[in-house]
There are 2 protein chains.
Amino acid sequence: MKANPDSLSQMAATVIGEALQNASVTGVEALYVSNMLADELQSQKHLGALFADEAGLHGVEAMRIGAATAGGAAALRVAYLAVASGDVDLAMVVGAEKMSEGSAVPALAKALDAKLEVPLGANMINRNAELMRMYMERYKVPKNGFANFAVNAHKNAKHNPNAMFRKPVSAATAQKSRVIYAPLRLYDSAPICDGAAAVLLAPTDQARAYTETPVHMLASTVATDYFRLEDRPSPLRLRAAEMSAEKAFRAANVTHADISLFEVHDAFSIMSALQLEAAGFAASGRGWRLAHENKIGLKGKIPITTMGGLKARGHPIGATALYQTCELVLQLTERAGKNQVRKPKLGMMQSIGGVASTVVTHILGN
Amino acid sequence: MKANPDSLSQMAATVIGEALQNASVTGVEALYVSNMLADELQSQKHLGALFADEAGLHGVEAMRIGAATAGGAAALRVAYLAVASGDVDLAMVVGAEKMSEGSAVPALAKALDAKLEVPLGANMINRNAELMRMYMERYKVPKNGFANFAVNAHKNAKHNPNAMFRKPVSAATAQKSRVIYAPLRLYDSAPICDGAAAVLLAPTDQARAYTETPVHMLASTVATDYFRLEDRPSPLRLRAAEMSAEKAFRAANVTHADISLFEVHDAFSIMSALQLEAAGFAASGRGWRLAHENKIGLKGKIPITTMGGLKARGHPIGATALYQTCELVLQLTERAGKNQVRKPKLGMMQSIGGVASTVVTHILGN
């Protein structure tokens, strides 16, 4: 646990201030906020106005957007809609989560069905473990089949100053780590942590007023699935991820083959494998092989978690998709330093709400 | 308390189903959800996907939007942005709140500042009482100065089949009702209740495919203020209401004089008075007189709470602004029956988040 000494509002205000400064502006027209757990952990619901006040943005349009663990990406989607509508010319999205205060795990379980799942003991960990068990059994995945997801994430986090775990790990360490809920191990899981990140959106023809290196948002899509795993015809197919990716490819007029890097929502390693399959980078049951065969590295067939991912950069829920956005922007503008993917054209990112009941996809490009 | 036997999701699914049926469609492209209290009262956060699932809208884009007690209007704003952007051609907004499960008052207080207000005993009731006290003292309002807000609301609720309190009350009853927190009385306050409402939005040139009597959304605006009353230079001026109304008038290219009826957020009668002032219908300190002099009735200078308002129709928080929207649509399409305002051209509605830290304004017209 990496605890931030600032309050949740202060954390948000800090990154809002940095984003304003980077763009050489003193204000925005709208502030779209993402946070999942403040209702429980900070007894605070009214985060749009609260963060705007703390950041000195008095008067600004502000609201909070949620989609459980995919909330940051949903807020980014709303900012995209606001700018695309012509109604808002400069929108800020801020995500902030302070999980070091109080008990995050039961609050996180509210991403699941409170009537049919949680009373039976379901939480985000054992639901993902169940998917992993089904997957390993069905596709005969060896015990070390997922280890390289963690190895890759930690390797890439080493040079990310914003990452939580900057120490490389070996496949042996990952594969022998503590079992959290069989077959899911410690290194299959992203950590609980504090974090905040902010992104500015402007119309294409105005973006150069704020930065010399703007990045285009080519697609912003959301899809949902049957809420509970048990209701899905094929739980090992993330239909919401498939549909959200398909919509995004259509909107950007590209295919998965055009994507240079893919920031997956690796809250659990099984989700990385399933997203790679859902987006078309691997056939069903073969997503894990991309990791196992070292094809997800910075020079691999499809680089993922290029700055450490949720596993090693950290997963402060409401802020996570905004970290992903900043990381894609660094990559696409060739400012990713030692983690730079070679001449990337298009970057894709996905956020998973609950056990993929909601999936949000964005495609960014130069 | 009027308790609904259905679950929160079932309540949402019912009104979604009715809206689909009214529009003769089987699905929508996006579902924007408003609810304030499910985190605490139903242990449920992931309401976009959950409601979509319950309503059989599998695959649809879905998310939850919040702005404390103004959440329904913020969700309506997002649907407006989605349709205005061209990205979504048919959007549903659904608000649902089930306050009969659990303890709503402490959860409602999370609209306030958890560090600087709530630990001192602040809640939505005593904060509004404090504003009312300041107002009555400063403007020398007689003890019965606010009573007609409740009289008007109850009178109009009589013919609204969706209203909670359909029994008229006299000014004497309102004025002698129990003191909740001085000087605020029972009849100054909207009730806690269950409720759900849904609205469909489509581009102007497509709306007639869904109804013979579409209504235009001419403005959708949000503004915020200093979060705490104590930080505001003039707490009796609702700056967020002023700014949100100004933006809305500018967007619709109208003035307050063009508004035929105004659905205020009368969670507390003091808010009705202050909103009437903020929107320009009365000078500072004179909003209460519009009620006192019977100018807020269906044939008055500015009809408000024409179907009962929050006070008598009910205030199921996340659903309230969607009730207001449906009521404005009934009025503008001259289907409001015995409550019909004469030949209305433009209808305005406002939602108040917290103690007016966020205010959302919409203007609808034919």
# chains A, B, ... in the order shown; residues from 1 in each chain; ligands from 1
>>> residues_around(residues="Tyr210 in chain B", least_positions_apart="5", cutoff="9 Å", atoms="only C-alpha atoms", output="list in words")
Asn22, Ala23, Ser24, Val25 and Ala202 of chain B
>>> closest_atom_pairs(of="chain B", to="chain A", cutoff="8 Å", atoms="only C-alpha atoms", output="CSV")
residue,atom,partner,partner_atom,distance
B:Asp39,CA,A:Asp39,CA,7.0
B:Glu40,CA,A:Asp39,CA,7.9
B:Gln42,CA,A:Ala114,CA,7.1
B:Ser43,CA,A:Lys110,CA,5.6
B:Gln44,CA,A:Lys110,CA,4.7
B:Lys45,CA,A:Lys110,CA,5.3
B:His46,CA,A:Ala111,CA,4.9
B:Leu47,CA,A:Ala67,CA,7.5
B:Gly48,CA,A:Ala67,CA,6.6
B:Ala49,CA,A:Thr224,CA,5.8
B:Leu50,CA,A:Phe227,CA,6.0
B:Ala52,CA,A:Thr224,CA,7.8
B:Asp53,CA,A:Tyr226,CA,5.7
B:His58,CA,A:Asp225,CA,5.6
B:Gly59,CA,A:Thr224,CA,4.5
B:Val60,CA,A:Ala223,CA,5.4
B:Glu61,CA,A:Ala223,CA,4.6
B:Ala62,CA,A:Thr224,CA,6.8
B:Met63,CA,A:Ala67,CA,5.3
B:Arg64,CA,A:Gly66,CA,4.9
B:Ile65,CA,A:Ile65,CA,4.5
B:Gly66,CA,A:Arg64,CA,4.9
B:Ala67,CA,A:Met63,CA,5.2
B:Ala68,CA,A:His46,CA,5.0
B:Ala74,CA,A:Met63,CA,6.9
B:Val78,CA,A:Val78,CA,6.8
B:Leu81,CA,A:Ala82,CA,5.4
B:Ala82,CA,A:Leu81,CA,5.4
B:Val83,CA,A:Ser85,CA,7.9
B:Ala84,CA,A:Ser85,CA,4.9
B:Ser85,CA,A:Ser85,CA,3.6
B:Gly86,CA,A:Ser85,CA,7.2
B:Asp87,CA,A:Leu81,CA,7.6
B:Lys110,CA,A:Gln44,CA,4.7
B:Ala111,CA,A:His46,CA,4.9
B:Leu112,CA,A:His46,CA,7.0
B:Asp113,CA,A:Gln44,CA,7.0
B:Ala114,CA,A:Ser43,CA,6.0
B:Thr221,CA,A:Glu61,CA,7.5
B:Val222,CA,A:Glu61,CA,4.8
B:Ala223,CA,A:Glu61,CA,4.6
B:Thr224,CA,A:Gly59,CA,4.5
B:Asp225,CA,A:Gly59,CA,5.3
B:Tyr226,CA,A:Asp53,CA,5.7
B:Phe227,CA,A:Asp53,CA,5.9
B:Arg239,CA,A:Gly59,CA,8.0
B:Ala240,CA,A:Gly59,CA,6.5
B:Met243,CA,A:Gly59,CA,7.3
B:Gly353,CA,A:His46,CA,7.7
B:Gly354,CA,A:His46,CA,7.5
B:Ser357,CA,A:Ala49,CA,6.0
B:Thr358,CA,A:Ala49,CA,6.1
>>> residues_around(residues="Lys158 in chain B", least_positions_apart="3", cutoff="7 Å", atoms="only C-alpha atoms", output="list in words")
His154, Lys155, Arg166, Lys167 and Pro168 of chain B
>>> residues_around(residues="Ile270 in chain B", least_positions_apart="4", cutoff="10 Å", atoms="only C-alpha atoms", output="number ranges by chain")
B: 128-133, 135-136, 146, 149, 184, 188-189, 236, 266, 274-275, 287-288
>>> write_last_selection(atoms="N, CA and C atoms", output="CSV table (one decimal), in the first residue's frame")
chain,number,residue,atom,x,y,z
B,128,ASN,N,-29.9,23.8,5.1
B,128,ASN,CA,-31.0,24.6,4.5
B,128,ASN,C,-31.7,25.5,5.5
B,129,ALA,N,-31.9,25.0,6.7
B,129,ALA,CA,-32.5,25.7,7.8
B,129,ALA,C,-31.7,27.0,8.1
B,130,GLU,N,-30.3,26.9,8.1
B,130,GLU,CA,-29.5,28.0,8.3
B,130,GLU,C,-29.6,29.1,7.3
B,131,LEU,N,-29.7,28.6,6.0
B,131,LEU,CA,-30.0,29.6,4.9
B,131,LEU,C,-31.3,30.3,5.1
B,132,MET,N,-32.3,29.5,5.5
B,132,MET,CA,-33.6,30.1,5.7
B,132,MET,C,-33.6,31.1,6.8
B,133,ARG,N,-32.9,30.8,7.9
B,133,ARG,CA,-32.8,31.7,9.0
B,133,ARG,C,-32.2,33.0,8.6
B,135,TYR,N,-32.0,34.3,5.7
B,135,TYR,CA,-32.9,34.9,4.7
B,135,TYR,C,-34.0,35.7,5.4
B,136,MET,N,-34.7,34.9,6.4
B,136,MET,CA,-35.8,35.5,7.1
B,136,MET,C,-35.4,36.7,7.9
B,146,PHE,N,-43.2,31.6,3.8
B,146,PHE,CA,-42.9,30.5,2.9
B,146,PHE,C,-44.1,29.5,2.7
B,149,PHE,N,-45.5,28.1,-0.7
B,149,PHE,CA,-44.8,27.2,-1.6
B,149,PHE,C,-45.4,25.8,-1.4
B,184,LEU,N,-37.0,25.9,9.9
B,184,LEU,CA,-37.5,25.1,8.9
B,184,LEU,C,-38.6,24.1,9.5
B,188,ASP,N,-41.9,22.7,4.9
B,188,ASP,CA,-40.8,23.4,4.0
B,188,ASP,C,-40.0,22.3,3.3
B,189,SER,N,-40.2,21.0,3.7
B,189,SER,CA,-39.2,20.0,3.2
B,189,SER,C,-39.9,19.0,2.3
B,236,LEU,N,-26.6,34.1,0.5
B,236,LEU,CA,-28.0,34.1,0.1
B,236,LEU,C,-28.2,34.3,-1.4
B,266,ASP,N,-37.4,22.3,-5.2
B,266,ASP,CA,-38.0,22.7,-3.9
B,266,ASP,C,-37.8,21.6,-2.9
B,274,LEU,N,-34.9,31.2,-3.4
B,274,LEU,CA,-33.5,31.6,-3.9
B,274,LEU,C,-33.4,31.4,-5.4
B,275,GLN,N,-34.0,30.3,-5.9
B,275,GLN,CA,-33.9,30.0,-7.3
B,275,GLN,C,-34.7,31.0,-8.1
B,287,GLY,N,-38.0,36.7,-3.5
B,287,GLY,CA,-38.5,35.4,-4.1
B,287,GLY,C,-39.7,34.9,-3.3
B,288,TRP,N,-39.7,35.0,-2.0
B,288,TRP,CA,-40.7,34.4,-1.1
B,288,TRP,C,-42.1,35.2,-1.4
>>> atom_distance(atom1="CA of Ser284 in chain B", atom2="CA of Val28 in chain A")
29.5 Å
>>> residues_around(residues="Gly95 in chain B", least_positions_apart="6", cutoff="10 Å", atoms="only C-alpha atoms", output="list in words")
Met11, Ala12, Val15, Ile16, Tyr32, Val33, Ser34, Asn35, Met36, Arg64, Ile65, Gly71, Gly72, Ala73, Ala75, Leu76, Gly195, Ala196, Ala197, Ala198, Val199, Pro316, Ile317, Gly318, Ala319, Thr320, Ala321, Leu322 and Tyr323 of chain B
>>> residues_around(residues="range 98-100 of chain A", least_positions_apart="2", cutoff="8 Å", atoms="only C-alpha atoms", output="mmCIF file with C-alpha atoms, in the first residue's frame")
data_model
loop_
_atom_site.group_PDB
_atom_site.id
_atom_site.type_symbol
_atom_site.label_atom_id
_atom_site.label_comp_id
_atom_site.auth_asym_id
_atom_site.auth_seq_id
_atom_site.Cartn_x
_atom_site.Cartn_y
_atom_site.Cartn_z
ATOM 1 C CA MET A 1 0.000 0.000 0.000
ATOM 2 C CA LYS A 2 1.420 3.368 -1.001
ATOM 3 C CA ALA A 3 -0.451 5.981 1.008
ATOM 4 C CA ASN A 4 -0.588 9.608 -0.124
ATOM 5 C CA SER A 7 -6.588 14.317 1.170
ATOM 6 C CA LEU A 8 -8.505 12.924 -1.792
ATOM 7 C CA LEU A 37 -14.834 4.488 -3.443
ATOM 8 C CA ALA A 38 -15.155 7.927 -1.833
ATOM 9 C CA LEU A 41 -13.752 5.627 2.262
ATOM 10 C CA ALA A 96 -8.556 10.224 -7.988
ATOM 11 C CA GLY A 102 -10.612 2.522 5.245
ATOM 12 C CA SER A 103 -11.483 -0.853 3.837
ATOM 13 C CA ALA A 104 -11.453 -0.976 0.047
ATOM 14 C CA ILE A 192 -4.490 -1.389 -3.761
ATOM 15 C CA CYS A 193 -3.063 2.135 -3.754
ATOM 16 C CA ASP A 194 -3.657 5.890 -3.852
ATOM 17 C CA GLY A 195 -3.338 7.896 -7.025
ATOM 18 C CA PRO A 316 -5.982 3.547 -7.956
#
>>> closest_residue(among="A:Tyr181, A:Phe262, A:Phe165, A:Tyr187", to="Gly280 in chain A", atoms="only C-alpha atoms")
A:Phe262
>>> closest_residue(among="A:Leu200, A:Ala207, A:Pro119, A:Ala157", to="Gly27 in chain A", atoms="only C-alpha atoms")
A:Leu200
>>> select_by_dssp(residues="range 79-279 of chain A", states="helix (DSSP H, G or I)", output="PyMOL selection string")
chain A and resi 79-84+104-111+118-120+124-138+147-157+171-176+186-188+204-209+229-231+239-252+256-258+269-278
>>> select_by_dssp(residues="range 40-277 of chain A", states="strand (DSSP E)", output="PyMOL selection string")
chain A and resi 61-66+91-98+179-181+184-185+194-201+216-224+261-263
>>> atom_distance(atom1="CA of Ala279 in chain A", atom2="CA of Leu310 in chain A")
18.5 Å
>>> residues_around(residues="Gly297 in chain A", least_positions_apart="2", cutoff="10 Å", atoms="only C-alpha atoms", output="list of chain:residue names")
A:Asn148, A:Phe149, A:Val151, A:Asn152, A:Ala153, A:Lys155, A:Asn156, A:Leu261, A:Leu290, A:Ala291, A:Glu293, A:Asn294, A:Lys295, A:Lys299, A:Gly300, A:Lys301, A:Ile302, A:Pro303, A:Ile304, A:Thr305, A:Thr306, A:Asn339, A:Val341
>>> write_last_selection(atoms="N, CA and C atoms", output="PDB file, in the first residue's frame")
ATOM      1  N   ASN A 148       4.387 -14.419 -17.000  1.00  0.00           N
ATOM      2  CA  ASN A 148       5.051 -13.362 -17.772  1.00  0.00           C
ATOM      3  C   ASN A 148       4.261 -12.059 -17.866  1.00  0.00           C
ATOM      4  N   PHE A 149       2.967 -12.098 -17.559  1.00  0.00           N
ATOM      5  CA  PHE A 149       2.232 -10.828 -17.506  1.00  0.00           C
ATOM      6  C   PHE A 149       2.831  -9.938 -16.418  1.00  0.00           C
ATOM      7  N   VAL A 151       5.874 -10.303 -15.027  1.00  0.00           N
ATOM      8  CA  VAL A 151       7.278 -10.019 -15.359  1.00  0.00           C
ATOM      9  C   VAL A 151       7.361  -8.814 -16.281  1.00  0.00           C
ATOM     10  N   ASN A 152       6.532  -8.809 -17.318  1.00  0.00           N
ATOM     11  CA  ASN A 152       6.522  -7.710 -18.290  1.00  0.00           C
ATOM     12  C   ASN A 152       6.132  -6.390 -17.631  1.00  0.00           C
ATOM     13  N   ALA A 153       5.093  -6.438 -16.794  1.00  0.00           N
ATOM     14  CA  ALA A 153       4.614  -5.210 -16.142  1.00  0.00           C
ATOM     15  C   ALA A 153       5.696  -4.618 -15.241  1.00  0.00           C
ATOM     16  N   LYS A 155       8.918  -5.135 -15.317  1.00  0.00           N
ATOM     17  CA  LYS A 155      10.063  -4.693 -16.120  1.00  0.00           C
ATOM     18  C   LYS A 155       9.820  -3.279 -16.655  1.00  0.00           C
ATOM     19  N   ASN A 156       8.601  -3.050 -17.134  1.00  0.00           N
ATOM     20  CA  ASN A 156       8.291  -1.744 -17.715  1.00  0.00           C
ATOM     21  C   ASN A 156       8.103  -0.656 -16.661  1.00  0.00           C
ATOM     22  N   LEU A 261       0.272  -0.367 -29.658  1.00  0.00           N
ATOM     23  CA  LEU A 261       0.385  -0.823 -28.261  1.00  0.00           C
ATOM     24  C   LEU A 261      -1.000  -0.813 -27.624  1.00  0.00           C
ATOM     25  N   LEU A 290       0.642 -15.201 -25.665  1.00  0.00           N
ATOM     26  CA  LEU A 290       1.334 -13.969 -26.064  1.00  0.00           C
ATOM     27  C   LEU A 290       2.304 -13.536 -24.964  1.00  0.00           C
ATOM     28  N   ALA A 291       1.870 -13.717 -23.710  1.00  0.00           N
ATOM     29  CA  ALA A 291       2.774 -13.407 -22.598  1.00  0.00           C
ATOM     30  C   ALA A 291       3.850 -14.488 -22.484  1.00  0.00           C
ATOM     31  N   GLU A 293       5.110 -16.427 -24.532  1.00  0.00           N
ATOM     32  CA  GLU A 293       6.103 -16.436 -25.618  1.00  0.00           C
ATOM     33  C   GLU A 293       6.758 -15.070 -25.805  1.00  0.00           C
ATOM     34  N   ASN A 294       6.657 -14.227 -24.784  1.00  0.00           N
ATOM     35  CA  ASN A 294       7.316 -12.910 -24.797  1.00  0.00           C
ATOM     36  C   ASN A 294       6.939 -12.024 -25.989  1.00  0.00           C
ATOM     37  N   LYS A 295       5.669 -12.040 -26.342  1.00  0.00           N
ATOM     38  CA  LYS A 295       5.242 -11.195 -27.459  1.00  0.00           C
ATOM     39  C   LYS A 295       4.547  -9.916 -26.997  1.00  0.00           C
ATOM     40  N   LYS A 299       9.150  -4.509 -27.600  1.00  0.00           N
ATOM     41  CA  LYS A 299       9.473  -4.787 -29.000  1.00  0.00           C
ATOM     42  C   LYS A 299       8.674  -5.967 -29.536  1.00  0.00           C
ATOM     43  N   GLY A 300       7.695  -6.403 -28.771  1.00  0.00           N
ATOM     44  CA  GLY A 300       6.934  -7.592 -29.145  1.00  0.00           C
ATOM     45  C   GLY A 300       5.865  -7.319 -30.196  1.00  0.00           C
ATOM     46  N   LYS A 301       5.145  -8.363 -30.520  1.00  0.00           N
ATOM     47  CA  LYS A 301       4.071  -8.276 -31.509  1.00  0.00           C
ATOM     48  C   LYS A 301       3.020  -7.245 -31.067  1.00  0.00           C
ATOM     49  N   ILE A 302       2.627  -7.313 -29.800  1.00  0.00           N
ATOM     50  CA  ILE A 302       1.675  -6.337 -29.271  1.00  0.00           C
ATOM     51  C   ILE A 302       2.102  -5.929 -27.846  1.00  0.00           C
ATOM     52  N   PRO A 303       2.823  -4.823 -27.752  1.00  0.00           N
ATOM     53  CA  PRO A 303       3.264  -4.354 -26.426  1.00  0.00           C
ATOM     54  C   PRO A 303       2.059  -4.004 -25.546  1.00  0.00           C
ATOM     55  N   ILE A 304       2.061  -4.511 -24.319  1.00  0.00           N
ATOM     56  CA  ILE A 304       1.007  -4.146 -23.363  1.00  0.00           C
ATOM     57  C   ILE A 304       1.646  -3.665 -22.061  1.00  0.00           C
ATOM     58  N   THR A 305       0.866  -3.003 -21.255  1.00  0.00           N
ATOM     59  CA  THR A 305       1.321  -2.464 -19.955  1.00  0.00           C
ATOM     60  C   THR A 305       2.720  -1.876 -20.094  1.00  0.00           C
ATOM     61  N   THR A 306       2.859  -0.965 -21.038  1.00  0.00           N
ATOM     62  CA  THR A 306       4.197  -0.474 -21.413  1.00  0.00           C
ATOM     63  C   THR A 306       4.825   0.422 -20.347  1.00  0.00           C
ATOM     64  N   ASN A 339      11.155   3.280 -22.168  1.00  0.00           N
ATOM     65  CA  ASN A 339      10.019   2.390 -22.439  1.00  0.00           C
ATOM     66  C   ASN A 339       9.375   2.666 -23.799  1.00  0.00           C
ATOM     67  N   VAL A 341       7.960   2.563 -27.235  1.00  0.00           N
ATOM     68  CA  VAL A 341       7.635   1.610 -28.300  1.00  0.00           C
ATOM     69  C   VAL A 341       8.047   2.276 -29.616  1.00  0.00           C
TER      70      VAL A 341
END
>>> atom_distance(atom1="CA of Leu20 in chain A", atom2="CA of Leu330 in chain A")
17.3 Å
>>> closest_residue(among="A:Ala163, A:Ile363, A:Cys326, A:Ala336", to="Asp258 in chain A", atoms="only C-alpha atoms")
A:Ile363
>>> closest_residue(among="A:Met348, A:Ala172, A:Lys247, A:Arg335", to="Ile259 in chain A", atoms="only C-alpha atoms")
A:Met348
